Each structure stands twice: as structure tokens, then as C-alpha cells.
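Data from work_32.cif: mmCIF, N, CA, C and O atoms and all ligand atoms
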```cif
data_structure
loop_
_atom_site.label_atom_id
_atom_site.label_comp_id
_atom_site.auth_asym_id
_atom_site.auth_seq_id
_atom_site.Cartn_x
_atom_site.Cartn_y
_atom_site.Cartn_z
N MET A 1 -58.18 -41.95 158.00
CA MET A 1 -59.47 -41.28 158.26
C MET A 1 -59.23 -39.95 158.98
O MET A 1 -58.52 -39.90 159.97
N ALA A 2 -59.83 -38.90 158.46
CA ALA A 2 -59.70 -37.59 159.11
C ALA A 2 -61.09 -37.01 159.33
O ALA A 2 -61.95 -37.10 158.47
N LYS A 3 -61.28 -36.44 160.51
CA LYS A 3 -62.52 -35.71 160.78
C LYS A 3 -62.23 -34.24 160.59
O LYS A 3 -61.28 -33.69 161.17
N ILE A 4 -63.04 -33.62 159.76
CA ILE A 4 -62.85 -32.20 159.44
C ILE A 4 -64.13 -31.45 159.78
O ILE A 4 -65.22 -31.88 159.40
N THR A 5 -63.98 -30.36 160.51
CA THR A 5 -65.16 -29.58 160.89
C THR A 5 -65.21 -28.27 160.11
O THR A 5 -64.23 -27.53 160.06
N PHE A 6 -66.37 -28.04 159.50
CA PHE A 6 -66.62 -26.78 158.81
C PHE A 6 -67.56 -25.95 159.67
O PHE A 6 -68.54 -26.48 160.22
N ILE A 7 -67.30 -24.67 159.79
CA ILE A 7 -68.23 -23.76 160.45
C ILE A 7 -68.74 -22.81 159.36
O ILE A 7 -67.95 -22.08 158.75
N THR A 8 -70.03 -22.90 159.10
CA THR A 8 -70.58 -22.10 158.01
C THR A 8 -70.78 -20.66 158.45
O THR A 8 -70.66 -20.33 159.64
N LYS A 9 -71.11 -19.82 157.50
CA LYS A 9 -71.37 -18.41 157.76
C LYS A 9 -72.50 -18.25 158.79
O LYS A 9 -72.52 -17.30 159.57
N ASP A 10 -73.46 -19.21 158.79
CA ASP A 10 -74.57 -19.17 159.76
C ASP A 10 -74.19 -19.78 161.10
O ASP A 10 -75.07 -20.06 161.92
N LYS A 11 -72.90 -20.07 161.28
CA LYS A 11 -72.38 -20.65 162.53
C LYS A 11 -72.82 -22.09 162.75
O LYS A 11 -72.79 -22.59 163.87
N GLU A 12 -73.23 -22.73 161.68
CA GLU A 12 -73.56 -24.15 161.78
C GLU A 12 -72.25 -24.94 161.74
O GLU A 12 -71.36 -24.63 160.92
N GLU A 13 -72.11 -25.91 162.63
CA GLU A 13 -70.90 -26.71 162.69
C GLU A 13 -71.16 -28.08 162.06
O GLU A 13 -72.06 -28.80 162.48
N ILE A 14 -70.40 -28.39 161.02
CA ILE A 14 -70.60 -29.66 160.30
C ILE A 14 -69.30 -30.43 160.32
O ILE A 14 -68.29 -29.98 159.78
N THR A 15 -69.32 -31.60 160.96
CA THR A 15 -68.12 -32.44 160.99
C THR A 15 -68.32 -33.61 160.03
O THR A 15 -69.32 -34.31 160.10
N VAL A 16 -67.35 -33.77 159.13
CA VAL A 16 -67.42 -34.83 158.14
C VAL A 16 -66.15 -35.67 158.22
O VAL A 16 -65.13 -35.22 158.75
N GLU A 17 -66.24 -36.88 157.67
CA GLU A 17 -65.08 -37.77 157.71
C GLU A 17 -64.69 -38.15 156.29
O GLU A 17 -65.55 -38.37 155.44
N GLY A 18 -63.40 -38.25 156.07
CA GLY A 18 -62.94 -38.67 154.76
C GLY A 18 -61.60 -39.36 154.85
O GLY A 18 -60.91 -39.29 155.88
N THR A 19 -61.23 -40.03 153.77
CA THR A 19 -59.94 -40.73 153.75
C THR A 19 -59.04 -40.25 152.62
O THR A 19 -57.83 -40.38 152.69
N SER A 20 -59.65 -39.68 151.57
CA SER A 20 -58.82 -39.25 150.44
C SER A 20 -59.54 -38.18 149.64
O SER A 20 -60.68 -37.83 149.94
N GLY A 21 -58.87 -37.68 148.63
CA GLY A 21 -59.44 -36.62 147.80
C GLY A 21 -59.20 -35.26 148.42
O GLY A 21 -58.50 -35.13 149.43
N SER A 22 -59.80 -34.24 147.82
CA SER A 22 -59.59 -32.89 148.34
C SER A 22 -60.66 -32.56 149.38
O SER A 22 -61.74 -33.15 149.41
N VAL A 23 -60.34 -31.61 150.22
CA VAL A 23 -61.28 -31.15 151.25
C VAL A 23 -62.51 -30.53 150.58
O VAL A 23 -63.63 -30.68 151.07
N MET A 24 -62.31 -29.87 149.43
CA MET A 24 -63.46 -29.30 148.70
C MET A 24 -64.42 -30.41 148.29
O MET A 24 -65.64 -30.29 148.46
N GLU A 25 -63.88 -31.50 147.73
CA GLU A 25 -64.74 -32.61 147.29
C GLU A 25 -65.54 -33.18 148.46
O GLU A 25 -66.72 -33.48 148.34
N LEU A 26 -64.88 -33.30 149.60
CA LEU A 26 -65.54 -33.81 150.80
C LEU A 26 -66.67 -32.87 151.23
O LEU A 26 -67.77 -33.32 151.57
N ALA A 27 -66.41 -31.57 151.16
CA ALA A 27 -67.42 -30.58 151.55
C ALA A 27 -68.62 -30.62 150.61
O ALA A 27 -69.77 -30.62 151.04
N VAL A 28 -68.35 -30.68 149.31
CA VAL A 28 -69.43 -30.69 148.31
C VAL A 28 -70.27 -31.96 148.48
O VAL A 28 -71.50 -31.91 148.47
N LYS A 29 -69.58 -33.08 148.67
CA LYS A 29 -70.27 -34.37 148.85
C LYS A 29 -71.21 -34.33 150.06
O LYS A 29 -72.26 -34.96 150.08
N ASN A 30 -70.82 -33.58 151.08
CA ASN A 30 -71.61 -33.50 152.31
C ASN A 30 -72.48 -32.24 152.38
O ASN A 30 -72.97 -31.88 153.46
N ASN A 31 -72.64 -31.58 151.24
CA ASN A 31 -73.50 -30.39 151.14
C ASN A 31 -73.17 -29.30 152.15
O ASN A 31 -74.07 -28.71 152.76
N VAL A 32 -71.89 -29.04 152.35
CA VAL A 32 -71.51 -27.94 153.25
C VAL A 32 -71.85 -26.62 152.56
O VAL A 32 -71.34 -26.33 151.47
N LYS A 33 -72.72 -25.86 153.18
CA LYS A 33 -73.18 -24.60 152.60
C LYS A 33 -72.03 -23.61 152.46
O LYS A 33 -71.26 -23.41 153.40
N GLY A 34 -71.91 -23.02 151.28
CA GLY A 34 -70.88 -22.01 151.06
C GLY A 34 -69.65 -22.54 150.34
O GLY A 34 -68.79 -21.78 149.95
N ILE A 35 -69.58 -23.87 150.19
CA ILE A 35 -68.49 -24.45 149.40
C ILE A 35 -69.09 -24.99 148.11
O ILE A 35 -69.79 -26.00 148.11
N ASP A 36 -68.82 -24.28 147.01
CA ASP A 36 -69.43 -24.67 145.73
C ASP A 36 -68.47 -25.47 144.85
O ASP A 36 -68.89 -26.36 144.13
N GLY A 37 -67.21 -25.11 144.87
CA GLY A 37 -66.23 -25.84 144.04
C GLY A 37 -66.54 -25.75 142.56
O GLY A 37 -66.44 -26.73 141.84
N ASP A 38 -66.89 -24.56 142.10
CA ASP A 38 -67.34 -24.38 140.72
C ASP A 38 -66.34 -24.82 139.65
O ASP A 38 -66.74 -25.28 138.59
N CYS A 39 -65.05 -24.64 139.91
CA CYS A 39 -64.07 -24.97 138.87
C CYS A 39 -63.65 -26.44 138.92
O CYS A 39 -62.82 -26.87 138.13
N GLY A 40 -64.20 -27.17 139.88
CA GLY A 40 -63.87 -28.60 139.97
C GLY A 40 -62.54 -28.86 140.65
O GLY A 40 -62.05 -29.99 140.62
N GLY A 41 -61.95 -27.83 141.21
CA GLY A 41 -60.72 -28.04 141.98
C GLY A 41 -59.44 -27.66 141.28
O GLY A 41 -58.36 -28.09 141.69
N VAL A 42 -59.55 -26.85 140.23
CA VAL A 42 -58.33 -26.47 139.50
C VAL A 42 -57.81 -25.09 139.89
O VAL A 42 -57.02 -24.48 139.17
N CYS A 43 -58.24 -24.61 141.04
CA CYS A 43 -57.69 -23.38 141.62
C CYS A 43 -57.99 -22.15 140.76
O CYS A 43 -57.13 -21.30 140.57
N SER A 44 -59.21 -22.06 140.21
CA SER A 44 -59.49 -20.89 139.38
C SER A 44 -60.84 -20.24 139.67
O SER A 44 -61.31 -19.44 138.85
N CYS A 45 -61.50 -20.58 140.80
CA CYS A 45 -62.80 -19.94 141.04
C CYS A 45 -62.94 -19.33 142.44
O CYS A 45 -63.73 -18.43 142.63
N ALA A 46 -62.20 -19.84 143.39
CA ALA A 46 -62.25 -19.38 144.79
C ALA A 46 -63.61 -19.60 145.46
O ALA A 46 -63.88 -19.01 146.50
N THR A 47 -64.46 -20.45 144.89
CA THR A 47 -65.73 -20.76 145.54
C THR A 47 -65.56 -21.86 146.59
O THR A 47 -66.54 -22.43 147.06
N CYS A 48 -64.32 -22.16 146.92
CA CYS A 48 -64.04 -23.15 147.98
C CYS A 48 -63.22 -22.50 149.08
O CYS A 48 -62.54 -23.17 149.84
N HIS A 49 -63.32 -21.16 149.17
CA HIS A 49 -62.53 -20.38 150.13
C HIS A 49 -62.91 -20.71 151.58
O HIS A 49 -64.07 -20.65 151.95
N VAL A 50 -61.92 -21.06 152.37
CA VAL A 50 -62.12 -21.25 153.81
C VAL A 50 -61.00 -20.50 154.56
O VAL A 50 -59.97 -20.19 153.99
N GLN A 51 -61.28 -20.23 155.83
CA GLN A 51 -60.22 -19.70 156.69
C GLN A 51 -59.96 -20.72 157.79
O GLN A 51 -60.87 -21.14 158.50
N VAL A 52 -58.71 -21.14 157.87
CA VAL A 52 -58.31 -22.17 158.83
C VAL A 52 -58.37 -21.56 160.23
O VAL A 52 -57.89 -20.44 160.44
N ASP A 53 -58.99 -22.29 161.16
CA ASP A 53 -59.08 -21.79 162.53
C ASP A 53 -57.66 -21.55 163.07
O ASP A 53 -56.78 -22.37 162.85
N ALA A 54 -57.49 -20.43 163.75
CA ALA A 54 -56.17 -20.12 164.31
C ALA A 54 -55.75 -21.28 165.22
O ALA A 54 -56.55 -21.81 165.97
N GLY A 55 -54.53 -21.71 165.11
CA GLY A 55 -54.07 -22.84 165.91
C GLY A 55 -54.10 -24.14 165.13
O GLY A 55 -53.56 -25.14 165.59
N HIS A 56 -54.73 -24.13 163.97
CA HIS A 56 -54.79 -25.35 163.15
C HIS A 56 -53.99 -25.21 161.86
O HIS A 56 -54.03 -26.10 161.01
N THR A 57 -53.31 -24.11 161.70
CA THR A 57 -52.60 -23.87 160.44
C THR A 57 -51.43 -24.84 160.25
O THR A 57 -51.01 -25.07 159.12
N ASP A 58 -50.94 -25.42 161.34
CA ASP A 58 -49.87 -26.41 161.20
C ASP A 58 -50.37 -27.66 160.47
O ASP A 58 -49.60 -28.36 159.81
N LYS A 59 -51.68 -27.92 160.55
CA LYS A 59 -52.25 -29.09 159.87
C LYS A 59 -52.40 -28.85 158.36
O LYS A 59 -52.37 -29.78 157.58
N THR A 60 -52.61 -27.60 157.99
CA THR A 60 -52.92 -27.32 156.58
C THR A 60 -51.72 -26.85 155.78
O THR A 60 -51.76 -26.88 154.55
N GLY A 61 -50.68 -26.36 156.45
CA GLY A 61 -49.53 -25.83 155.72
C GLY A 61 -49.85 -24.48 155.11
O GLY A 61 -50.82 -23.82 155.51
N VAL A 62 -49.06 -24.08 154.14
CA VAL A 62 -49.25 -22.76 153.54
C VAL A 62 -49.71 -22.89 152.09
O VAL A 62 -49.50 -23.91 151.44
N ALA A 63 -50.33 -21.81 151.61
CA ALA A 63 -50.86 -21.80 150.24
C ALA A 63 -49.72 -21.78 149.23
O ALA A 63 -48.67 -21.17 149.46
N SER A 64 -49.95 -22.44 148.10
CA SER A 64 -48.97 -22.40 147.01
C SER A 64 -49.05 -21.02 146.35
O SER A 64 -49.96 -20.24 146.63
N GLU A 65 -48.12 -20.76 145.44
CA GLU A 65 -48.09 -19.45 144.79
C GLU A 65 -49.36 -19.21 143.97
O GLU A 65 -49.96 -18.15 144.05
N ILE A 66 -49.78 -20.21 143.22
CA ILE A 66 -50.96 -20.06 142.36
C ILE A 66 -52.22 -19.86 143.23
O ILE A 66 -53.10 -19.06 142.91
N GLU A 67 -52.25 -20.55 144.36
CA GLU A 67 -53.38 -20.41 145.29
C GLU A 67 -53.38 -19.01 145.91
O GLU A 67 -54.42 -18.36 146.00
N SER A 68 -52.22 -18.54 146.31
CA SER A 68 -52.11 -17.19 146.89
C SER A 68 -52.54 -16.13 145.88
O SER A 68 -53.23 -15.16 146.23
N ASP A 69 -52.15 -16.32 144.62
CA ASP A 69 -52.53 -15.36 143.57
C ASP A 69 -54.04 -15.29 143.43
O ASP A 69 -54.62 -14.23 143.28
N MET A 70 -54.68 -16.46 143.49
CA MET A 70 -56.13 -16.54 143.38
C MET A 70 -56.79 -15.85 144.59
O MET A 70 -57.76 -15.09 144.44
N LEU A 71 -56.25 -16.09 145.76
CA LEU A 71 -56.82 -15.52 146.99
C LEU A 71 -56.67 -14.01 147.03
O LEU A 71 -57.51 -13.31 147.61
N GLU A 72 -55.63 -13.50 146.40
CA GLU A 72 -55.42 -12.05 146.39
C GLU A 72 -56.58 -11.31 145.73
O GLU A 72 -56.82 -10.14 145.99
N LEU A 73 -57.30 -12.00 144.87
CA LEU A 73 -58.44 -11.39 144.16
C LEU A 73 -59.70 -11.36 145.03
O LEU A 73 -60.69 -10.73 144.67
N ASP A 74 -59.65 -12.04 146.16
CA ASP A 74 -60.83 -12.13 147.04
C ASP A 74 -60.70 -11.13 148.19
O ASP A 74 -59.76 -11.21 148.98
N ASP A 75 -61.65 -10.21 148.26
CA ASP A 75 -61.59 -9.16 149.29
C ASP A 75 -61.66 -9.72 150.71
O ASP A 75 -61.23 -9.07 151.66
N ASP A 76 -62.24 -10.91 150.86
CA ASP A 76 -62.41 -11.49 152.20
C ASP A 76 -61.20 -12.31 152.66
O ASP A 76 -61.22 -12.89 153.74
N ALA A 77 -60.18 -12.36 151.84
CA ALA A 77 -59.03 -13.20 152.18
C ALA A 77 -58.20 -12.59 153.32
O ALA A 77 -58.07 -11.37 153.42
N ASN A 78 -57.68 -13.45 154.16
CA ASN A 78 -56.74 -13.00 155.19
C ASN A 78 -55.63 -14.05 155.34
O ASN A 78 -55.52 -14.96 154.52
N GLU A 79 -54.82 -13.90 156.37
CA GLU A 79 -53.66 -14.80 156.49
C GLU A 79 -54.05 -16.26 156.75
O GLU A 79 -53.22 -17.15 156.63
N PHE A 80 -55.29 -16.50 157.14
CA PHE A 80 -55.75 -17.87 157.41
C PHE A 80 -56.46 -18.49 156.20
O PHE A 80 -56.94 -19.62 156.26
N SER A 81 -56.56 -17.73 155.12
CA SER A 81 -57.32 -18.18 153.96
C SER A 81 -56.64 -19.31 153.19
O SER A 81 -55.42 -19.28 152.99
N ARG A 82 -57.43 -20.28 152.77
CA ARG A 82 -56.99 -21.34 151.86
C ARG A 82 -58.13 -21.66 150.91
O ARG A 82 -59.29 -21.42 151.21
N LEU A 83 -57.76 -22.18 149.76
CA LEU A 83 -58.76 -22.73 148.84
C LEU A 83 -58.78 -24.22 149.15
O LEU A 83 -57.77 -24.91 149.00
N CYS A 84 -59.93 -24.71 149.64
CA CYS A 84 -59.89 -26.07 150.18
C CYS A 84 -59.81 -27.15 149.11
O CYS A 84 -59.61 -28.31 149.44
N CYS A 85 -59.90 -26.78 147.81
CA CYS A 85 -59.63 -27.79 146.78
C CYS A 85 -58.13 -28.10 146.75
O CYS A 85 -57.73 -29.11 146.17
N GLN A 86 -57.34 -27.22 147.34
CA GLN A 86 -55.89 -27.43 147.36
C GLN A 86 -55.44 -28.15 148.63
O GLN A 86 -54.24 -28.37 148.84
N LEU A 87 -56.39 -28.49 149.50
CA LEU A 87 -56.07 -29.23 150.73
C LEU A 87 -56.48 -30.68 150.53
O LEU A 87 -57.63 -30.96 150.16
N GLN A 88 -55.57 -31.58 150.76
CA GLN A 88 -55.87 -33.01 150.63
C GLN A 88 -56.32 -33.59 151.97
O GLN A 88 -55.80 -33.19 153.02
N VAL A 89 -57.27 -34.48 151.91
CA VAL A 89 -57.73 -35.16 153.12
C VAL A 89 -56.68 -36.22 153.46
O VAL A 89 -56.49 -37.17 152.72
N THR A 90 -55.98 -36.01 154.55
CA THR A 90 -54.98 -36.98 155.04
C THR A 90 -55.17 -37.11 156.55
O THR A 90 -55.85 -36.29 157.17
N GLU A 91 -54.53 -38.11 157.11
CA GLU A 91 -54.56 -38.30 158.57
C GLU A 91 -54.12 -37.02 159.29
O GLU A 91 -54.63 -36.68 160.35
N ALA A 92 -53.16 -36.33 158.69
CA ALA A 92 -52.61 -35.13 159.31
C ALA A 92 -53.65 -34.03 159.47
O ALA A 92 -53.48 -33.11 160.27
N MET A 93 -54.72 -34.12 158.69
CA MET A 93 -55.77 -33.10 158.75
C MET A 93 -56.82 -33.39 159.81
O MET A 93 -57.75 -32.62 160.01
N ASP A 94 -56.68 -34.52 160.50
CA ASP A 94 -57.69 -34.91 161.49
C ASP A 94 -57.86 -33.82 162.55
O ASP A 94 -56.89 -33.35 163.13
N GLY A 95 -59.10 -33.43 162.75
CA GLY A 95 -59.41 -32.45 163.80
C GLY A 95 -59.38 -31.00 163.35
O GLY A 95 -59.67 -30.10 164.13
N VAL A 96 -59.05 -30.78 162.10
CA VAL A 96 -58.92 -29.40 161.64
C VAL A 96 -60.30 -28.72 161.59
O VAL A 96 -61.32 -29.35 161.33
N VAL A 97 -60.32 -27.44 161.90
CA VAL A 97 -61.55 -26.65 161.86
C VAL A 97 -61.38 -25.56 160.80
O VAL A 97 -60.40 -24.81 160.80
N LEU A 98 -62.35 -25.52 159.88
CA LEU A 98 -62.30 -24.57 158.76
C LEU A 98 -63.54 -23.70 158.76
O LEU A 98 -64.66 -24.20 158.86
N ASN A 99 -63.33 -22.40 158.70
CA ASN A 99 -64.45 -21.46 158.65
C ASN A 99 -64.79 -21.15 157.20
O ASN A 99 -63.91 -20.70 156.44
N VAL A 100 -66.03 -21.40 156.82
CA VAL A 100 -66.45 -21.14 155.44
C VAL A 100 -66.67 -19.64 155.30
O VAL A 100 -67.31 -19.01 156.14
N VAL A 101 -66.13 -19.07 154.24
CA VAL A 101 -66.13 -17.60 154.11
C VAL A 101 -67.43 -17.06 153.53
O VAL A 101 -67.94 -16.03 153.97
N LYS A 102 -68.01 -17.74 152.53
CA LYS A 102 -69.22 -17.20 151.88
C LYS A 102 -70.49 -17.83 152.43
O LYS A 102 -70.50 -18.98 152.76
S1 LIG B 1 -62.82 -25.31 143.62
FE1 LIG B 1 -62.29 -23.65 142.37
S2 LIG B 1 -60.62 -22.75 143.38
FE2 LIG B 1 -61.15 -24.44 144.63
#
```

Represent the structure contained in this file as C-alpha cells.
Amino acid sequence: MAKITFITKDKEEITVEGTSGSVMELAVKNNVKGIDGDCGGVCSCATCHVQVDAGHTDKTGVASEIESDMLELDDDANEFSRLCCQLQVTEAMDGVVLNVVK
């Protein structure tokens, strides 16, 4: 079980719990505003863009090459950017804070 907190563009803080699947799926299931997951999680839409809170990047690891390529097309991307469909809900993710970009 991992508790994951999303901070939306409106500064709303939403903490959700999950045990498996992708972080994008968890966000969509819990109606987190700004996470659409249009491509269904195949890393081709960037509508699941989040920025990992500084200090929590050890929980999320680094973006894969295909993910980085996708993020390069997004003007709002920075070094903390991840596509949350590429993040799996695991115990290791417990407590992570993700800022929703859109
Ligand atoms: S859901 Fe499309 S890139 Fe993540």
C-alpha cells in the first residue's frame, strides 16, 4: 500500500492510496484534476505529466529514454518531470508528492 499525494494546479492537495498499477491509473480513478491519461498509459500523450516534489526523486527514479523523448516536446517540462503512467504504484512510492503540471 502506498499513499501518493497530488498537488493540482489550483493547489488542491489530494492524497490517494493504491497497491498496484500505474500512478496515472490511480490518479484517473480518483479524479485528480489535470491527469487525463489520454493514451491509456503507452507514453504517447503527456497528459499525465507531473513534477516530482524536490526531495522525493529517490522514490520515483529517473525517466526512461522514451519517456524523456516525450517530455522534451512539453514546454513545461523540467528536471523533476515524469509521465506518471510510467510510474508504478509500489511500497517504495509511499509518501511521494507529485505536482500536477496542467
Ligand atoms: S498517459 Fe499518455 S503519456 Fe502517460

The centre and edge lengths of an axis-aligned box containing all atoms of ligand LIG 1 (chain B) present in the file, extended by 8 Å on each side, are to be given in Å to one decimal, as AutoDock Vina command-line options.
```
--center_x -61.7 --center_y -24.0 --center_z 143.5 --size_x 18.2 --size_y 18.6 --size_z 18.3
```

Set the distance at 8 Å and use all atoms listed in the file: which residues neighbour stretch 67-77 of chain A once local chain neighbours fewer than 6 positions away are removed? I'd like the list as a PDB file with N, CA, C and O atoms, keeping the file's coordinate frame.
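Heads up, here's the output in part_8.pdb:
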```
ATOM      1  N   CYS A  43     -58.240 -24.610 141.040  1.00  0.00           N
ATOM      2  CA  CYS A  43     -57.690 -23.380 141.620  1.00  0.00           C
ATOM      3  C   CYS A  43     -57.990 -22.150 140.760  1.00  0.00           C
ATOM      4  O   CYS A  43     -57.130 -21.300 140.570  1.00  0.00           O
ATOM      5  N   SER A  44     -59.210 -22.060 140.210  1.00  0.00           N
ATOM      6  CA  SER A  44     -59.490 -20.890 139.380  1.00  0.00           C
ATOM      7  C   SER A  44     -60.840 -20.240 139.670  1.00  0.00           C
ATOM      8  O   SER A  44     -61.310 -19.440 138.850  1.00  0.00           O
ATOM      9  N   CYS A  45     -61.500 -20.580 140.800  1.00  0.00           N
ATOM     10  CA  CYS A  45     -62.800 -19.940 141.040  1.00  0.00           C
ATOM     11  C   CYS A  45     -62.940 -19.330 142.440  1.00  0.00           C
ATOM     12  O   CYS A  45     -63.730 -18.430 142.630  1.00  0.00           O
ATOM     13  N   ALA A  46     -62.200 -19.840 143.390  1.00  0.00           N
ATOM     14  CA  ALA A  46     -62.250 -19.380 144.790  1.00  0.00           C
ATOM     15  C   ALA A  46     -63.610 -19.600 145.460  1.00  0.00           C
ATOM     16  O   ALA A  46     -63.880 -19.010 146.500  1.00  0.00           O
ATOM     17  N   VAL A  50     -61.920 -21.060 152.370  1.00  0.00           N
ATOM     18  CA  VAL A  50     -62.120 -21.250 153.810  1.00  0.00           C
ATOM     19  C   VAL A  50     -61.000 -20.500 154.560  1.00  0.00           C
ATOM     20  O   VAL A  50     -59.970 -20.190 153.990  1.00  0.00           O
ATOM     21  N   GLN A  51     -61.280 -20.230 155.830  1.00  0.00           N
ATOM     22  CA  GLN A  51     -60.220 -19.700 156.690  1.00  0.00           C
ATOM     23  C   GLN A  51     -59.960 -20.720 157.790  1.00  0.00           C
ATOM     24  O   GLN A  51     -60.870 -21.140 158.500  1.00  0.00           O
ATOM     25  N   LEU A  83     -57.760 -22.180 149.760  1.00  0.00           N
ATOM     26  CA  LEU A  83     -58.760 -22.730 148.840  1.00  0.00           C
ATOM     27  C   LEU A  83     -58.780 -24.220 149.150  1.00  0.00           C
ATOM     28  O   LEU A  83     -57.770 -24.910 149.000  1.00  0.00           O
ATOM     29  N   GLN A  86     -57.340 -27.220 147.340  1.00  0.00           N
ATOM     30  CA  GLN A  86     -55.890 -27.430 147.360  1.00  0.00           C
ATOM     31  C   GLN A  86     -55.440 -28.150 148.630  1.00  0.00           C
ATOM     32  O   GLN A  86     -54.240 -28.370 148.840  1.00  0.00           O
ATOM     33  N   VAL A 101     -66.130 -19.070 154.240  1.00  0.00           N
ATOM     34  CA  VAL A 101     -66.130 -17.600 154.110  1.00  0.00           C
ATOM     35  C   VAL A 101     -67.430 -17.060 153.530  1.00  0.00           C
ATOM     36  O   VAL A 101     -67.940 -16.030 153.970  1.00  0.00           O
TER      37      VAL A 101
END
```

Near-stretch 7-21 of chain A list (6 Å; all atoms listed in the file; drop same-chain fewer than 2 positions) as a list in words: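 Answer for this query is Met1, Ala2, Lys3, Ile4, Thr5, Val23, Lys33, Leu87, Gln88, Val89, Thr90, Glu91, Leu98, Asn99, Val100, Val101 and Lys102 of chain A.
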
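Each of A:Val96, A:Cys39, A:Ala63, A:Leu26 was compared to ligand LIG 1 (chain B) using all atoms listed in the file, and A:Cys39 turns out to be the nearest.
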
Per-residue DSSP, stretch 15-95 of chain A, filtered to helix (DSSP H, G or I), as a list in words: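 Taking stretch 15-95 of chain A and keeping helix (DSSP H, G or I) gives Val23, Met24, Glu25, Leu26, Ala27, Val28, Lys29, Thr57, Asp58, Lys59, Thr60, Glu65, Ile66, Glu67, Ser68, Asp69, Met70, Leu71, Glu72, Cys84, Cys85, Gln86, Glu91, Ala92 and Met93 of chain A.
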
Go ahead and save the picked residues with N, CA, C and O atoms, as a short mmCIF file (atom, residue, chain, number, x, y, z; two decimals), in the coordinates of the input.
```cif
data_model
loop_
_atom_site.label_atom_id
_atom_site.label_comp_id
_atom_site.auth_asym_id
_atom_site.auth_seq_id
_atom_site.Cartn_x
_atom_site.Cartn_y
_atom_site.Cartn_z
N VAL A 23 -60.34 -31.61 150.22
CA VAL A 23 -61.28 -31.15 151.25
C VAL A 23 -62.51 -30.53 150.58
O VAL A 23 -63.63 -30.68 151.07
N MET A 24 -62.31 -29.87 149.43
CA MET A 24 -63.46 -29.30 148.70
C MET A 24 -64.42 -30.41 148.29
O MET A 24 -65.64 -30.29 148.46
N GLU A 25 -63.88 -31.50 147.73
CA GLU A 25 -64.74 -32.61 147.29
C GLU A 25 -65.54 -33.18 148.46
O GLU A 25 -66.72 -33.48 148.34
N LEU A 26 -64.88 -33.30 149.60
CA LEU A 26 -65.54 -33.81 150.80
C LEU A 26 -66.67 -32.87 151.23
O LEU A 26 -67.77 -33.32 151.57
N ALA A 27 -66.41 -31.57 151.16
CA ALA A 27 -67.42 -30.58 151.55
C ALA A 27 -68.62 -30.62 150.61
O ALA A 27 -69.77 -30.62 151.04
N VAL A 28 -68.35 -30.68 149.31
CA VAL A 28 -69.43 -30.69 148.31
C VAL A 28 -70.27 -31.96 148.48
O VAL A 28 -71.50 -31.91 148.47
N LYS A 29 -69.58 -33.08 148.67
CA LYS A 29 -70.27 -34.37 148.85
C LYS A 29 -71.21 -34.33 150.06
O LYS A 29 -72.26 -34.96 150.08
N THR A 57 -53.31 -24.11 161.70
CA THR A 57 -52.60 -23.87 160.44
C THR A 57 -51.43 -24.84 160.25
O THR A 57 -51.01 -25.07 159.12
N ASP A 58 -50.94 -25.42 161.34
CA ASP A 58 -49.87 -26.41 161.20
C ASP A 58 -50.37 -27.66 160.47
O ASP A 58 -49.60 -28.36 159.81
N LYS A 59 -51.68 -27.92 160.55
CA LYS A 59 -52.25 -29.09 159.87
C LYS A 59 -52.40 -28.85 158.36
O LYS A 59 -52.37 -29.78 157.58
N THR A 60 -52.61 -27.60 157.99
CA THR A 60 -52.92 -27.32 156.58
C THR A 60 -51.72 -26.85 155.78
O THR A 60 -51.76 -26.88 154.55
N GLU A 65 -48.12 -20.76 145.44
CA GLU A 65 -48.09 -19.45 144.79
C GLU A 65 -49.36 -19.21 143.97
O GLU A 65 -49.96 -18.15 144.05
N ILE A 66 -49.78 -20.21 143.22
CA ILE A 66 -50.96 -20.06 142.36
C ILE A 66 -52.22 -19.86 143.23
O ILE A 66 -53.10 -19.06 142.91
N GLU A 67 -52.25 -20.55 144.36
CA GLU A 67 -53.38 -20.41 145.29
C GLU A 67 -53.38 -19.01 145.91
O GLU A 67 -54.42 -18.36 146.00
N SER A 68 -52.22 -18.54 146.31
CA SER A 68 -52.11 -17.19 146.89
C SER A 68 -52.54 -16.13 145.88
O SER A 68 -53.23 -15.16 146.23
N ASP A 69 -52.15 -16.32 144.62
CA ASP A 69 -52.53 -15.36 143.57
C ASP A 69 -54.04 -15.29 143.43
O ASP A 69 -54.62 -14.23 143.28
N MET A 70 -54.68 -16.46 143.49
CA MET A 70 -56.13 -16.54 143.38
C MET A 70 -56.79 -15.85 144.59
O MET A 70 -57.76 -15.09 144.44
N LEU A 71 -56.25 -16.09 145.76
CA LEU A 71 -56.82 -15.52 146.99
C LEU A 71 -56.67 -14.01 147.03
O LEU A 71 -57.51 -13.31 147.61
N GLU A 72 -55.63 -13.50 146.40
CA GLU A 72 -55.42 -12.05 146.39
C GLU A 72 -56.58 -11.31 145.73
O GLU A 72 -56.82 -10.14 145.99
N CYS A 84 -59.93 -24.71 149.64
CA CYS A 84 -59.89 -26.07 150.18
C CYS A 84 -59.81 -27.15 149.11
O CYS A 84 -59.61 -28.31 149.44
N CYS A 85 -59.90 -26.78 147.81
CA CYS A 85 -59.63 -27.79 146.78
C CYS A 85 -58.13 -28.10 146.75
O CYS A 85 -57.73 -29.11 146.17
N GLN A 86 -57.34 -27.22 147.34
CA GLN A 86 -55.89 -27.43 147.36
C GLN A 86 -55.44 -28.15 148.63
O GLN A 86 -54.24 -28.37 148.84
N GLU A 91 -54.53 -38.11 157.11
CA GLU A 91 -54.56 -38.30 158.57
C GLU A 91 -54.12 -37.02 159.29
O GLU A 91 -54.63 -36.68 160.35
N ALA A 92 -53.16 -36.33 158.69
CA ALA A 92 -52.61 -35.13 159.31
C ALA A 92 -53.65 -34.03 159.47
O ALA A 92 -53.48 -33.11 160.27
N MET A 93 -54.72 -34.12 158.69
CA MET A 93 -55.77 -33.10 158.75
C MET A 93 -56.82 -33.39 159.81
O MET A 93 -57.75 -32.62 160.01
#
```

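Interatomic distance, atom C of A:His56 to atom O of A:Lys29: 23.8 Å.
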
Contacts of A:Met24 within 7 Å, only C-alpha atoms, excl. fewer than 6 positions in-chain, as a list in words: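 So the residues in contact are Gly37, Cys48, Cys84 and Cys85 of chain A.
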
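Closest approach to ligand LIG 1 (chain B) among A:Val28, A:Val62, A:Met93, A:Val42: A:Val42, based on only C-alpha atoms and all ligand atoms.
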
Give me, as a list of chain:residue names, the residues of stretch 14-58 of chain A that a backbone DSSP run labels strand (DSSP E). A:Ile14, A:Thr15, A:Val16, A:Glu17, A:Gly18, A:His49, A:Val50, A:Gln51, A:Val52

With distances taken over only N, CA, C and O atoms and all ligand atoms, which of A:Glu65, A:Glu25, A:Glu79, A:Asp38 is nearest to ligand LIG 1 (chain B)?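 The closest residue to ligand LIG 1 (chain B) is A:Asp38.
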